[in-house]
Amino acid sequence: MATRRQQDAVLEAERSKTKPPHLYKVLLLNDDFTPMDFVVQVLQRFFAMDRERATAVMLQVHREGSGVCGVFPRDIAATKVEQVSSFARQHQHPLACVMEEE
Ligand code: TYC
């Protein structure tokens with residue numbers, strides 16, 4: 001039976017091994033062809049933004065060339081990129097979505 005002190009030592013060793021996950025920004029890139037409305041829909045559907053926030057992010061991408069949709073652990077960021085890219089392809093828009101380590 002481990003003592004309380006031994007249990008604490010094990011917990012401390014476990015705790016110090018736990019590293020925070022690497023985080024990745026998911027970005028949309030501007031292009032001249034994807035309709036503004038479609039980009040707003042994408043931000044609402046895949047990044048759970050309300051219409052106002054989605055419009056602000058879309059306009060930032062339109063004016064500055066790129067914009068952050070969110071920050072996620074690697075697997076979730078990669079899934080968002082795949083979902084957005086596939087949705088854009090299905091609708092035959094050239095909308096580009098990429099991830100970048102923070
Ligand atoms: N520039 C596009 C237009 O004028 C709109 C747009 C915004 C496209 C954001 C892509 O990620 C994008 N229709």
# chains A, B, ... in the order shown; residues from 1 in each chain; ligands from 1
>>> residues_near_ligand(ligand="ligand 1", cutoff="12 Å", atoms="only C-alpha atoms and all ligand atoms", output="PyMOL selection string")
chain A and resi 26-43+54-69+84-85+88+93-98
>>> select_by_dssp(residues="chain A", states="strand (DSSP E or B)", output="PyMOL selection string")
chain A and resi 23-29+66-73+96-101
>>> atom_distance(atom1="atom CA of A:Thr3", atom2="atom CA of A:Ser16")
20.2 Å
>>> select_by_dssp(residues="chain A", states="alpha helix (DSSP H)", output="PDB file with C-alpha atoms, in the first residue's frame")
ATOM      1  CA  ARG A   4       0.281   9.493   0.729  1.00  0.00           C
ATOM      2  CA  ARG A   5       3.802  10.890   0.194  1.00  0.00           C
ATOM      3  CA  GLN A   6       4.562   8.163  -2.396  1.00  0.00           C
ATOM      4  CA  GLN A   7       1.266   8.803  -4.164  1.00  0.00           C
ATOM      5  CA  ASP A   8       2.058  12.533  -4.303  1.00  0.00           C
ATOM      6  CA  ALA A   9       5.524  11.808  -5.762  1.00  0.00           C
ATOM      7  CA  VAL A  10       3.983   9.660  -8.524  1.00  0.00           C
ATOM      8  CA  LEU A  11       1.357  12.296  -9.299  1.00  0.00           C
ATOM      9  CA  GLU A  12       4.029  15.023  -9.444  1.00  0.00           C
ATOM     10  CA  ALA A  13       6.151  12.945 -11.869  1.00  0.00           C
ATOM     11  CA  GLU A  14       3.107  12.376 -14.094  1.00  0.00           C
ATOM     12  CA  ARG A  15       2.152  16.029 -13.966  1.00  0.00           C
ATOM     13  CA  SER A  16       5.578  17.311 -14.995  1.00  0.00           C
ATOM     14  CA  LYS A  17       5.572  14.913 -18.010  1.00  0.00           C
ATOM     15  CA  MET A  36     -18.354  36.596 -49.882  1.00  0.00           C
ATOM     16  CA  ASP A  37     -21.580  34.893 -48.792  1.00  0.00           C
ATOM     17  CA  PHE A  38     -20.032  31.461 -49.195  1.00  0.00           C
ATOM     18  CA  VAL A  39     -17.066  32.410 -46.972  1.00  0.00           C
ATOM     19  CA  VAL A  40     -19.481  33.693 -44.305  1.00  0.00           C
ATOM     20  CA  GLN A  41     -21.372  30.364 -44.478  1.00  0.00           C
ATOM     21  CA  VAL A  42     -18.092  28.434 -44.074  1.00  0.00           C
ATOM     22  CA  LEU A  43     -17.131  30.421 -40.977  1.00  0.00           C
ATOM     23  CA  GLN A  44     -20.564  29.861 -39.428  1.00  0.00           C
ATOM     24  CA  ARG A  45     -20.742  26.162 -40.299  1.00  0.00           C
ATOM     25  CA  PHE A  46     -17.210  24.989 -39.455  1.00  0.00           C
ATOM     26  CA  PHE A  47     -16.079  27.544 -36.860  1.00  0.00           C
ATOM     27  CA  ARG A  51     -23.197  35.938 -38.749  1.00  0.00           C
ATOM     28  CA  GLU A  52     -21.721  39.198 -37.469  1.00  0.00           C
ATOM     29  CA  ARG A  53     -18.381  37.667 -36.420  1.00  0.00           C
ATOM     30  CA  ALA A  54     -18.202  35.573 -39.612  1.00  0.00           C
ATOM     31  CA  THR A  55     -18.743  38.704 -41.728  1.00  0.00           C
ATOM     32  CA  ALA A  56     -15.988  40.586 -39.858  1.00  0.00           C
ATOM     33  CA  VAL A  57     -13.492  37.730 -40.359  1.00  0.00           C
ATOM     34  CA  MET A  58     -14.462  37.344 -44.046  1.00  0.00           C
ATOM     35  CA  LEU A  59     -13.909  41.091 -44.615  1.00  0.00           C
ATOM     36  CA  GLN A  60     -10.525  40.928 -42.881  1.00  0.00           C
ATOM     37  CA  VAL A  61      -9.460  38.092 -45.204  1.00  0.00           C
ATOM     38  CA  HIS A  62     -10.819  40.020 -48.212  1.00  0.00           C
ATOM     39  CA  ARG A  63      -8.900  43.190 -47.283  1.00  0.00           C
ATOM     40  CA  GLU A  64      -5.682  41.788 -45.783  1.00  0.00           C
ATOM     41  CA  ARG A  74      -3.040  19.614 -34.606  1.00  0.00           C
ATOM     42  CA  ASP A  75      -5.627  16.883 -35.344  1.00  0.00           C
ATOM     43  CA  ILE A  76      -8.566  19.241 -34.958  1.00  0.00           C
ATOM     44  CA  ALA A  77      -6.881  21.923 -37.096  1.00  0.00           C
ATOM     45  CA  ALA A  78      -6.145  19.328 -39.815  1.00  0.00           C
ATOM     46  CA  THR A  79      -9.784  18.160 -39.737  1.00  0.00           C
ATOM     47  CA  LYS A  80     -11.071  21.750 -40.116  1.00  0.00           C
ATOM     48  CA  VAL A  81      -8.729  22.320 -43.095  1.00  0.00           C
ATOM     49  CA  GLU A  82      -9.976  19.096 -44.728  1.00  0.00           C
ATOM     50  CA  GLN A  83     -13.659  19.872 -44.073  1.00  0.00           C
ATOM     51  CA  VAL A  84     -13.415  23.434 -45.437  1.00  0.00           C
ATOM     52  CA  SER A  85     -11.333  22.400 -48.472  1.00  0.00           C
ATOM     53  CA  SER A  86     -13.736  19.578 -49.308  1.00  0.00           C
ATOM     54  CA  PHE A  87     -16.818  21.812 -48.891  1.00  0.00           C
ATOM     55  CA  ALA A  88     -15.260  24.499 -51.135  1.00  0.00           C
ATOM     56  CA  ARG A  89     -14.334  21.866 -53.763  1.00  0.00           C
ATOM     57  CA  GLN A  90     -17.882  20.440 -53.717  1.00  0.00           C
TER      58      GLN A  90
END
>>> residues_around(residues="A:Val71", least_positions_apart="6", cutoff="10 Å", atoms="only C-alpha atoms", output="list in words")
Leu23, Tyr24, Lys25, Val26, Leu27, Ala77, Met99, Glu100, Glu101 and Glu102 of chain A
>>> write_last_selection(atoms="C-alpha atoms", output="short mmCIF file (atom, residue, chain, number, x, y, z; two decimals), in the first residue's frame")
data_model
loop_
_atom_site.label_atom_id
_atom_site.label_comp_id
_atom_site.auth_asym_id
_atom_site.auth_seq_id
_atom_site.Cartn_x
_atom_site.Cartn_y
_atom_site.Cartn_z
CA LEU A 23 -1.43 24.71 -31.25
CA TYR A 24 -2.13 25.54 -34.87
CA LYS A 25 -3.88 28.51 -36.42
CA VAL A 26 -6.41 27.70 -39.13
CA LEU A 27 -6.40 30.46 -41.76
CA ALA A 77 -6.88 21.92 -37.10
CA MET A 99 -2.93 25.58 -40.93
CA GLU A 100 0.19 27.06 -39.41
CA GLU A 101 1.89 26.31 -36.08
CA GLU A 102 1.49 29.22 -33.63
#
